[in-house]
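This is my_file_30.csv. It holds CSV, C-alpha atoms.
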```
chain,number,residue,atom,x,y,z
T,28,LEU,CA,-41.3,-68.2,22.3
T,29,GLY,CA,-43.9,-68.6,19.6
T,30,GLU,CA,-41.8,-70.9,17.6
T,31,ARG,CA,-42.8,-74.5,17.0
T,32,LEU,CA,-40.3,-77.1,18.2
T,33,LEU,CA,-39.9,-80.2,16.0
T,34,PRO,CA,-39.2,-83.6,17.6
T,35,PRO,CA,-35.5,-84.8,17.3
T,36,SER,CA,-34.6,-87.1,14.4
T,37,PRO,CA,-34.1,-90.8,15.4
T,38,GLN,CA,-30.7,-90.6,13.7
T,39,TRP,CA,-29.4,-88.3,16.4
T,40,GLY,CA,-31.2,-89.9,19.3
T,41,GLN,CA,-28.1,-91.5,20.9
T,42,TYR,CA,-25.7,-88.8,19.9
T,43,ASP,CA,-23.8,-87.2,22.8
T,44,PRO,CA,-21.4,-84.4,21.6
T,45,TRP,CA,-19.5,-84.6,24.9
T,46,SER,CA,-19.0,-88.3,25.1
T,47,ALA,CA,-15.7,-90.0,24.6
T,48,PRO,CA,-14.9,-91.8,21.4
T,49,GLY,CA,-16.6,-95.2,21.2
T,50,GLN,CA,-19.2,-94.3,23.9
T,51,GLY,CA,-22.6,-94.2,22.4
T,52,GLN,CA,-23.6,-94.1,18.7
T,53,GLN,CA,-21.9,-91.5,16.6
T,54,PRO,CA,-23.6,-90.2,13.4
T,55,PHE,CA,-21.9,-90.6,10.0
T,56,THR,CA,-21.8,-88.4,7.0
T,57,GLN,CA,-23.3,-89.1,3.7
T,58,TYR,CA,-19.9,-90.0,2.2
T,59,GLY,CA,-18.9,-92.4,4.9
T,60,GLU,CA,-16.3,-90.1,6.5
T,61,PRO,CA,-16.0,-89.7,10.3
T,62,GLY,CA,-18.2,-86.8,11.3
T,63,GLY,CA,-15.5,-85.3,13.6
T,64,LYS,CA,-12.9,-84.8,10.9
T,65,ARG,CA,-15.4,-83.3,8.5
T,66,ARG,CA,-16.5,-80.8,11.2
T,67,ARG,CA,-12.9,-79.6,11.8
T,68,ILE,CA,-12.3,-78.8,8.2
T,69,GLY,CA,-15.6,-77.1,7.8
T,70,THR,CA,-15.0,-75.0,10.8
T,71,ALA,CA,-11.6,-73.8,9.5
T,72,ALA,CA,-13.1,-72.9,6.2
T,73,VAL,CA,-15.8,-70.9,7.8
T,74,VAL,CA,-13.2,-69.0,9.9
T,75,LEU,CA,-11.0,-68.3,6.9
T,76,LEU,CA,-13.9,-67.1,4.9
T,77,ALA,CA,-15.1,-64.9,7.8
T,78,PHE,CA,-11.6,-63.4,8.1
T,79,ALA,CA,-11.3,-62.8,4.4
T,80,GLY,CA,-14.7,-61.1,4.5
T,81,CYS,CA,-13.6,-58.9,7.3
T,82,VAL,CA,-10.5,-57.8,5.4
T,83,LEU,CA,-12.4,-57.2,2.2
T,84,GLY,CA,-15.1,-55.3,4.0
T,85,GLY,CA,-12.6,-53.1,5.8
T,86,ALA,CA,-10.7,-52.3,2.6
T,87,VAL,CA,-13.9,-51.4,0.8
T,88,GLY,CA,-15.1,-49.3,3.7
T,89,ALA,CA,-11.8,-47.4,3.8
T,90,TYR,CA,-11.9,-46.7,0.1
T,91,ILE,CA,-15.5,-45.5,0.3
T,92,GLU,CA,-14.7,-43.3,3.3
T,93,ARG,CA,-11.5,-41.9,1.6
T,94,ASN,CA,-13.0,-41.2,-1.8
T,95,GLY,CA,-16.6,-40.5,-0.8
T,96,GLY,CA,-17.9,-43.5,-2.7
T,97,PHE,CA,-17.0,-45.3,-5.8
T,98,THR,CA,-17.2,-42.0,-7.8
T,99,ARG,CA,-14.3,-39.5,-7.5
T,100,ILE,CA,-15.4,-36.0,-6.3
T,101,GLU,CA,-14.2,-32.9,-8.2
T,102,LEU,CA,-15.4,-29.4,-7.1
T,103,PRO,CA,-16.7,-26.9,-9.6
T,104,GLN,CA,-14.3,-24.2,-10.7
T,105,ALA,CA,-14.2,-21.4,-13.2
T,106,GLY,CA,-12.3,-22.2,-16.4
T,107,PRO,CA,-9.6,-20.1,-18.0
T,108,GLU,CA,-10.6,-16.6,-19.1
T,109,SER,CA,-9.0,-13.4,-20.4
T,110,THR,CA,-6.7,-11.6,-18.0
T,111,ASP,CA,-7.3,-8.3,-19.7
T,112,ARG,CA,-9.0,-5.6,-17.7
T,113,ALA,CA,-10.7,-2.4,-18.6
T,114,PRO,CA,-8.1,0.4,-18.8
T,115,GLU,CA,-10.1,2.5,-16.3
T,116,SER,CA,-10.4,-0.3,-13.7
T,117,VAL,CA,-7.9,-0.5,-10.8
T,118,ALA,CA,-6.3,-3.5,-12.3
T,119,GLY,CA,-6.0,-1.8,-15.7
T,120,ILE,CA,-4.5,1.4,-14.1
T,121,ALA,CA,-2.0,-0.7,-12.1
T,122,ALA,CA,-1.0,-2.7,-15.2
T,123,SER,CA,-0.3,0.6,-17.1
T,124,ALA,CA,1.5,2.4,-14.3
T,125,LEU,CA,3.6,-0.4,-12.5
T,126,PRO,CA,6.3,-0.6,-15.2
T,127,GLY,CA,7.2,3.1,-14.5
T,128,VAL,CA,7.4,2.8,-10.7
T,129,VAL,CA,10.6,1.9,-8.8
T,130,THR,CA,11.7,1.1,-5.3
T,131,LEU,CA,14.7,2.9,-3.8
T,132,HIS,CA,17.0,1.5,-1.2
T,133,VAL,CA,19.2,4.3,0.3
T,134,SER,CA,22.0,4.0,2.8
T,135,GLY,CA,24.7,6.3,4.3
T,136,SER,CA,25.7,8.3,7.3
T,137,GLY,CA,24.7,5.3,9.5
T,138,GLU,CA,21.2,5.3,8.2
T,139,GLN,CA,19.2,3.4,5.6
T,140,GLY,CA,15.7,3.4,4.3
T,141,THR,CA,13.3,2.4,1.6
T,142,GLY,CA,11.1,4.6,-0.5
T,143,THR,CA,9.4,4.8,-3.9
T,144,GLY,CA,9.9,6.9,-7.1
T,145,PHE,CA,8.8,6.9,-10.7
T,146,VAL,CA,10.4,7.4,-14.1
T,147,LEU,CA,10.1,10.9,-15.5
T,148,ASP,CA,11.8,10.5,-18.9
T,149,GLY,CA,13.8,8.2,-21.2
T,150,LYS,CA,17.0,9.7,-19.9
T,151,GLY,CA,16.7,7.9,-16.6
T,152,HIS,CA,15.5,10.7,-14.3
T,153,ILE,CA,13.4,9.5,-11.4
T,154,LEU,CA,11.3,11.7,-9.1
T,155,THR,CA,11.0,10.9,-5.4
T,156,ASN,CA,10.9,12.6,-2.0
T,157,ASN,CA,13.8,14.5,-0.5
T,158,HIS,CA,13.4,12.6,2.8
T,159,VAL,CA,13.7,9.3,0.9
T,160,VAL,CA,17.2,10.1,-0.4
T,161,GLN,CA,18.3,12.1,2.7
T,162,PRO,CA,20.3,9.2,4.3
T,163,ALA,CA,22.6,9.1,1.2
T,164,SER,CA,23.7,12.8,1.6
T,165,SER,CA,26.8,13.2,-0.5
T,166,SER,CA,28.6,9.9,0.1
T,167,GLY,CA,25.8,7.3,0.5
T,168,GLU,CA,24.4,4.9,-2.0
T,169,ILE,CA,21.1,4.8,-3.9
T,170,SER,CA,19.9,1.5,-5.4
T,171,VAL,CA,16.9,1.5,-7.7
T,172,THR,CA,14.8,-1.7,-8.3
T,173,PHE,CA,12.3,-1.7,-11.2
T,174,SER,CA,9.0,-3.4,-11.2
T,175,GLY,CA,10.4,-6.3,-13.2
T,176,GLY,CA,13.2,-6.9,-10.7
T,177,GLN,CA,16.1,-5.2,-12.5
T,178,THR,CA,18.4,-3.1,-10.3
T,179,ALA,CA,20.7,-0.2,-11.0
T,180,ARG,CA,22.7,2.3,-9.1
T,181,ALA,CA,21.5,5.9,-9.1
T,182,LYS,CA,23.1,9.3,-8.5
T,183,LEU,CA,21.5,12.3,-6.9
T,184,VAL,CA,20.7,15.1,-9.4
T,185,GLY,CA,19.2,17.6,-7.0
T,186,LYS,CA,17.0,17.9,-4.0
T,187,ASP,CA,14.9,20.5,-2.1
T,188,SER,CA,13.8,20.1,1.5
T,189,GLY,CA,11.3,23.0,1.3
T,190,TYR,CA,9.2,21.0,-1.2
T,191,ASP,CA,10.4,17.6,0.0
T,192,LEU,CA,11.3,16.6,-3.6
T,193,ALA,CA,14.4,15.1,-5.2
T,194,VAL,CA,15.5,13.8,-8.6
T,195,VAL,CA,17.9,10.8,-9.0
T,196,LYS,CA,19.2,9.4,-12.3
T,197,VAL,CA,20.1,5.9,-13.5
T,198,SER,CA,22.3,5.2,-16.5
T,199,GLY,CA,22.6,2.3,-18.9
T,200,VAL,CA,19.1,1.1,-18.3
T,201,SER,CA,17.0,0.2,-21.4
T,202,GLY,CA,13.2,0.0,-21.8
T,203,LEU,CA,12.4,2.8,-19.3
T,204,LYS,CA,8.7,3.5,-19.0
T,205,PRO,CA,8.1,7.1,-18.1
T,206,LEU,CA,4.7,7.8,-16.4
T,207,PRO,CA,2.5,10.5,-18.0
T,208,LEU,CA,1.9,13.5,-15.9
T,209,GLY,CA,-1.6,14.7,-15.3
T,210,ASN,CA,-2.9,18.2,-14.1
T,211,SER,CA,-3.6,18.5,-10.4
T,212,ASP,CA,-5.7,21.6,-11.1
T,213,ASN,CA,-8.2,19.4,-12.8
T,214,VAL,CA,-8.6,17.1,-9.8
T,215,ARG,CA,-11.9,17.2,-7.9
T,216,VAL,CA,-12.9,15.8,-4.5
T,217,GLY,CA,-14.3,12.3,-4.9
T,218,ASP,CA,-12.2,11.5,-8.0
T,219,PRO,CA,-10.9,7.9,-7.8
T,220,VAL,CA,-7.1,7.5,-7.4
T,221,VAL,CA,-4.6,4.7,-7.2
T,222,ALA,CA,-1.4,4.8,-5.1
T,223,ILE,CA,1.6,2.7,-5.9
T,224,GLY,CA,4.7,2.1,-3.7
T,225,ALA,CA,6.7,-0.1,-1.5
T,226,PRO,CA,5.2,0.1,2.0
T,227,PHE,CA,7.5,-1.7,4.5
T,228,ASP,CA,9.6,-2.7,1.5
T,229,LEU,CA,6.7,-4.6,-0.2
T,230,SER,CA,7.4,-3.4,-3.7
T,231,ASN,CA,4.7,-3.1,-6.4
T,232,THR,CA,1.9,-2.6,-3.8
T,233,VAL,CA,-1.3,-1.1,-5.2
T,234,THR,CA,-4.0,0.6,-3.2
T,235,SER,CA,-7.0,2.6,-4.3
T,236,GLY,CA,-9.3,5.3,-2.9
T,237,ILE,CA,-10.5,8.8,-3.7
T,238,ILE,CA,-9.4,12.3,-3.4
T,239,SER,CA,-10.7,13.3,0.1
T,240,ALA,CA,-9.8,17.0,-0.1
T,241,LYS,CA,-7.7,19.5,-1.9
T,242,GLU,CA,-5.4,22.3,-0.8
T,243,ARG,CA,-4.7,20.9,2.6
T,244,PRO,CA,-1.8,23.0,4.2
T,245,ILE,CA,0.6,20.5,5.8
T,246,THR,CA,4.1,20.7,7.1
T,247,ALA,CA,6.5,17.8,7.6
T,248,GLY,CA,10.1,17.4,8.8
T,249,GLY,CA,11.7,19.7,11.2
T,250,GLU,CA,14.1,17.1,12.8
T,251,LYS,CA,17.0,19.6,12.6
T,252,GLY,CA,15.3,22.0,14.9
T,253,ASP,CA,16.3,25.1,12.9
T,254,GLY,CA,13.4,24.9,10.4
T,255,SER,CA,15.7,24.4,7.4
T,256,ASP,CA,14.3,20.9,6.7
T,257,ILE,CA,10.6,21.7,7.0
T,258,SER,CA,8.6,21.1,3.9
T,259,TYR,CA,5.4,23.1,3.2
T,260,VAL,CA,2.8,21.5,0.9
T,261,ASP,CA,-0.6,22.6,-0.3
T,262,ALA,CA,-1.5,18.9,-0.5
T,263,LEU,CA,-4.0,16.6,-2.0
T,264,GLN,CA,-5.6,14.4,0.7
T,265,THR,CA,-6.5,10.8,-0.1
T,266,ASP,CA,-8.0,7.8,1.7
T,267,ALA,CA,-6.0,5.4,-0.5
T,268,PRO,CA,-3.9,3.5,2.1
T,269,ILE,CA,-0.4,5.0,2.3
T,270,ASN,CA,2.3,3.6,4.7
T,271,PRO,CA,6.0,4.1,5.4
T,272,GLY,CA,7.8,3.2,2.1
T,273,ASN,CA,5.1,4.7,-0.1
T,274,SER,CA,6.9,8.0,0.1
T,275,GLY,CA,7.9,9.4,-3.3
T,276,GLY,CA,5.5,7.1,-5.1
T,277,PRO,CA,2.9,8.2,-7.6
T,278,LEU,CA,-0.8,9.0,-6.9
T,279,VAL,CA,-2.4,8.4,-10.3
T,280,ASP,CA,-5.9,9.2,-11.7
T,281,GLY,CA,-8.3,7.1,-13.6
T,282,ARG,CA,-6.2,7.3,-16.7
T,283,ALA,CA,-2.9,6.3,-15.0
T,284,ARG,CA,-1.6,9.8,-15.1
T,285,VAL,CA,0.4,11.1,-12.1
T,286,ILE,CA,-1.5,13.8,-10.2
T,287,GLY,CA,0.5,13.7,-7.0
T,288,ILE,CA,3.6,12.4,-5.1
T,289,ASN,CA,2.7,10.5,-1.9
T,290,SER,CA,4.6,12.2,0.9
T,291,ALA,CA,3.0,12.1,4.3
T,292,ILE,CA,0.4,10.4,6.5
T,293,ARG,CA,-1.4,11.3,9.6
T,294,ALA,CA,-0.3,8.8,12.2
T,295,ALA,CA,-2.9,7.3,14.6
T,296,ASP,CA,-0.5,7.1,17.6
T,297,SER,CA,1.0,10.6,17.6
T,298,GLY,CA,-1.3,12.5,15.4
T,299,SER,CA,1.6,14.1,13.6
T,300,GLY,CA,2.5,14.4,10.0
T,301,VAL,CA,4.8,11.5,9.5
T,302,THR,CA,7.1,10.8,6.5
T,303,GLY,CA,9.2,8.0,7.9
T,304,GLY,CA,7.5,6.6,11.0
T,305,GLN,CA,6.3,3.0,11.5
T,306,SER,CA,2.6,3.8,12.1
T,307,GLY,CA,0.0,2.3,9.7
T,308,SER,CA,-2.5,4.0,7.5
T,309,ILE,CA,-5.7,5.4,9.0
T,310,GLY,CA,-6.9,6.8,5.7
T,311,LEU,CA,-5.3,10.2,5.9
T,312,GLY,CA,-2.6,10.4,3.3
T,313,PHE,CA,-1.2,13.5,1.6
T,314,ALA,CA,0.4,14.0,-1.8
T,315,ILE,CA,2.3,16.9,-3.4
T,316,PRO,CA,0.3,18.1,-6.4
T,317,ILE,CA,2.0,17.3,-9.6
T,318,ASN,CA,1.8,20.8,-11.0
T,319,GLN,CA,4.1,22.0,-8.1
T,320,ALA,CA,6.3,18.9,-8.4
T,321,LYS,CA,6.7,19.3,-12.1
T,322,ARG,CA,8.1,22.8,-11.8
T,323,VAL,CA,10.5,21.8,-9.0
T,324,ALA,CA,11.6,18.6,-10.9
T,325,GLU,CA,12.4,20.6,-14.0
T,326,GLU,CA,14.5,23.1,-12.0
T,327,LEU,CA,16.3,20.3,-10.2
T,328,ILE,CA,17.1,18.6,-13.5
T,329,ASN,CA,18.2,21.8,-15.3
T,330,THR,CA,20.1,23.6,-12.5
T,331,GLY,CA,20.5,21.1,-9.6
T,332,LYS,CA,18.4,23.3,-7.3
T,333,ALA,CA,14.9,24.7,-7.0
T,334,THR,CA,13.7,28.3,-6.4
T,335,HIS,CA,11.1,29.3,-3.8
T,336,PRO,CA,8.6,32.1,-4.3
T,337,VAL,CA,8.8,34.7,-1.6
T,338,ILE,CA,7.0,37.9,-0.5
T,339,GLY,CA,10.1,39.3,1.4
T,340,VAL,CA,8.8,39.4,4.9
T,341,SER,CA,9.6,37.6,8.2
T,342,LEU,CA,6.7,36.1,10.0
T,343,ASP,CA,6.0,35.9,13.8
T,344,MET,CA,5.6,32.1,14.0
T,345,GLU,CA,4.6,32.4,17.7
T,346,TYR,CA,1.5,34.5,16.9
T,347,ALA,CA,-1.5,32.7,18.3
T,348,GLY,CA,-4.2,34.8,16.6
T,349,ASP,CA,-6.0,34.1,13.4
T,350,GLY,CA,-3.9,34.9,10.3
T,351,ALA,CA,-0.2,35.3,9.6
T,352,LYS,CA,1.5,38.2,11.5
T,353,VAL,CA,4.5,40.0,10.1
T,354,GLY,CA,7.1,40.1,12.8
T,355,ALA,CA,8.6,43.2,14.4
T,356,LYS,CA,12.2,42.2,13.4
T,357,ALA,CA,13.9,39.6,11.2
T,358,ALA,CA,16.0,36.8,12.7
T,359,ASP,CA,19.2,38.8,12.2
T,360,GLY,CA,17.8,41.8,14.0
T,361,GLY,CA,17.0,43.8,10.8
T,362,SER,CA,13.6,44.9,9.6
T,363,ALA,CA,10.9,42.2,9.2
T,364,VAL,CA,10.1,43.6,5.7
T,365,THR,CA,13.0,43.3,3.3
T,366,GLY,CA,13.8,46.6,1.7
T,367,GLY,CA,13.0,46.7,-2.0
T,368,GLY,CA,11.3,43.3,-1.8
T,369,PRO,CA,7.8,42.4,-3.0
T,370,GLY,CA,6.2,43.1,0.4
T,371,ASP,CA,8.0,46.4,0.8
T,372,LYS,CA,6.9,47.5,-2.7
T,373,ALA,CA,3.3,46.5,-1.9
T,374,GLY,CA,3.2,48.5,1.3
T,375,ILE,CA,3.3,45.7,3.9
T,376,ARG,CA,4.6,46.8,7.3
T,377,PRO,CA,5.8,45.1,10.5
T,378,GLY,CA,2.9,44.0,12.6
T,379,ASP,CA,0.4,43.6,9.7
T,380,VAL,CA,-1.7,40.4,9.9
T,381,ILE,CA,-2.3,38.7,6.5
T,382,THR,CA,-5.7,37.0,6.5
T,383,GLU,CA,-6.2,36.0,2.8
T,384,VAL,CA,-4.3,35.0,-0.3
T,385,ASP,CA,-6.3,35.5,-3.5
T,386,GLY,CA,-9.5,35.3,-1.5
T,387,GLN,CA,-8.6,32.2,0.4
T,388,ARG,CA,-8.3,32.4,4.2
T,389,VAL,CA,-5.1,31.7,6.0
T,390,HIS,CA,-5.1,31.0,9.7
T,391,SER,CA,-1.4,30.8,10.5
T,392,GLY,CA,2.1,31.6,9.3
T,393,GLU,CA,2.5,28.0,8.1
T,394,GLU,CA,-0.6,28.3,6.0
T,395,LEU,CA,0.6,31.5,4.4
T,396,ILE,CA,3.9,29.9,3.5
T,397,VAL,CA,2.1,26.9,2.0
T,398,LYS,CA,-0.2,29.1,-0.1
T,399,ILE,CA,2.8,31.1,-1.4
T,400,ARG,CA,4.9,28.0,-2.2
T,401,ALA,CA,2.0,26.7,-4.3
T,402,HIS,CA,2.9,29.4,-6.8
T,403,ARG,CA,5.8,30.3,-9.0
T,404,PRO,CA,8.2,33.2,-8.7
T,405,GLY,CA,6.8,36.0,-10.8
T,406,ASP,CA,3.1,35.2,-10.1
T,407,ARG,CA,1.0,38.1,-9.0
T,408,LEU,CA,-1.0,37.7,-5.8
T,409,GLU,CA,-3.6,39.7,-3.9
T,410,LEU,CA,-3.2,39.8,-0.1
T,411,THR,CA,-5.8,40.9,2.4
T,412,LEU,CA,-4.4,42.2,5.7
T,413,LEU,CA,-5.4,43.9,8.9
T,414,ARG,CA,-3.6,46.9,10.2
T,415,ALA,CA,-4.8,48.7,13.4
T,416,GLY,CA,-8.1,46.9,13.1
T,417,LYS,CA,-8.7,48.0,9.5
T,418,GLU,CA,-8.8,45.7,6.5
T,419,ARG,CA,-7.0,46.5,3.3
T,420,THR,CA,-5.9,44.7,0.1
T,421,VAL,CA,-2.5,44.9,-1.6
T,422,SER,CA,-1.1,43.3,-4.7
T,423,LEU,CA,2.4,42.1,-5.3
T,424,THR,CA,4.6,40.0,-7.6
T,425,LEU,CA,6.3,37.1,-6.0
T,426,GLY,CA,10.1,37.2,-5.7
T,427,SER,CA,12.5,34.3,-5.9
T,428,ALA,CA,14.9,32.6,-3.4
T,429,ASP,CA,17.1,29.6,-3.8
T,430,GLY,CA,15.9,26.5,-1.9
T,431,THR,CA,18.0,24.1,0.2
```

Could you write out this file's structure as structure tokens?
Amino acid sequence: LGERLLPPSPQWGQYDPWSAPGQGQQPFTQYGEPGGKRRRIGTAAVVLLAFAGCVLGGAVGAYIERNGGFTRIELPQAGPESTDRAPESVAGIAASALPGVVTLHVSGSGEQGTGTGFVLDGKGHILTNNHVVQPASSSGEISVTFSGGQTARAKLVGKDSGYDLAVVKVSGVSGLKPLPLGNSDNVRVGDPVVAIGAPFDLSNTVTSGIISAKERPITAGGEKGDGSDISYVDALQTDAPINPGNSGGPLVDGRARVIGINSAIRAADSGSGVTGGQSGSIGLGFAIPINQAKRVAEELINTGKATHPVIGVSLDMEYAGDGAKVGAKAADGGSAVTGGGPGDKAGIRPGDVITEVDGQRVHSGEELIVKIRAHRPGDRLELTLLRAGKERTVSLTLGSADGT
């Protein structure tokens, strides 16, 4: 429609494409060849050319689709740069502290476990938690793996369950990198900290956070049931993630100095102070202040045991009131106030309720023990107590008792 039709050429007037050969007039080509033969060759060529075009077109299309065109695509990326970090950054602190941190694998008495420790000196002494090495007892094995992968056997030098600290020693290891010790008295709430350890046996794990609180009275242990394995710690609290396996590892400050030993977490499932459970971090971790740990470590290295400061009284641990109540009698049936001891000399009597230590409130017997353990034998303390509803203040010099 709309196209103009031209009349047929006389040359093709008698041509019938469907007639048999010899019937009617057949056209001839310009070169005198039979038209039928020429047509067959031409048709084949067209088919071949069409097929070749399809193949070529498909190959080109596939290439374009695969490569996004005739130009190869390369995505932009940052080039090489220095791997050095500022010493006060988390990366800088980790790089400085990691060579001095070790992973401990302990086995014995049908138990095994993993914990962390750090190098104290060039002689091979390593500080960790007592509950980390506890499975080894006297006949187990302790294996130490350094951050670079080197391993060595270690022997137990000394341990104390009351402070939950232990010292082990490796021999024949060169290139030891002792970590510098800070001063936990200088720590302030909000200070940045970095925790290093082997949570769930993932060695050289680094986490960061802040000091959330100081002087948190915590107790851990107590599996024996007789109280001999309970540790009392006036702890540093941190939100740096700490998990099982971090125990015994260092909590370091912004200058990579050890300010605490990671020892316990508050578990989300049970809400208890856990040192070896399988619960994950909820941001409530606790570390033994390095000032306390340093004294205990020195005693363990020098004598194989640590001393505990005491006031020479037995407490009523069932007392539900506010404060720490001196019991009526000792566990052996004797007087709750040791004759000639610090408490006796200061005038403390059975039934007195101790409410403050150096002006700091204590709300239970556990808190009183924690506050006392934070000092050294020979330190002088001022205690506030209630007797028959009247408040009074006494001073005493802390005595000494061997730990376990």

Within 9 Å of (-10.8, 15.1, -6.8) in the file's own coordinates, which protein, DNA or RNA residues have an atom, counting only C-alpha atoms? List them as number ranges by chain.
T: 211, 213-220, 237-241, 263

So which one's closest to Gly386 of chain T, T:Asp371, T:Leu408, T:Pro336, T:Ile399? Using only C-alpha atoms, please.
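Checking each candidate against Gly386 of chain T, we get T:Leu408 as the closest.
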
Give me, as a tab-separated table, each residue of segment 170-216 of chain T that comes within 9 Å of segment 117-138 of chain T, together with its shortest interatomic pair and the distance in Å at one decimal, counting all atoms listed in the file, with rows ordered by chain and rising residue number.
```
residue	atom	partner	partner_atom	distance
T:Ser170	CA	T:His132	CA	5.1
T:Val171	CA	T:Leu131	CA	4.7
T:Thr172	CA	T:Thr130	CA	5.1
T:Phe173	CA	T:Val129	CA	4.6
T:Ser174	CA	T:Pro126	CA	5.6
T:Gly175	CA	T:Pro126	CA	7.3
T:Leu203	CA	T:Gly127	CA	7.1
T:Lys204	CA	T:Gly127	CA	4.8
T:Pro205	CA	T:Gly127	CA	5.5
T:Leu206	CA	T:Gly127	CA	5.7
T:Pro207	CA	T:Ala124	CA	9.0
```

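Look at Glu394 of chain T: the protein and nucleic acid residues within 10 Å of it, using only C-alpha atoms and passing over chain neighbours fewer than 6 places away, are Arg243, Pro244, Ile245, Thr246, Tyr259, Val260, Asp261, Gly350, Ala351, Val384, Arg388 and Arg400 of chain T.
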
Hey, what's within 9 Å of Glu115 of chain T if we count only C-alpha atoms and toss same-chain stuff fewer than 6 positions away? As a PyMOL selection string, please?
chain T and resi 281-283

When you count all atoms listed in the file, which of these residues is closest to Lys150 of chain T: T:Ala247, T:Ala105, T:Ile328, T:Ala193?
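The answer is T:Ile328, which sits nearest to Lys150 of chain T.
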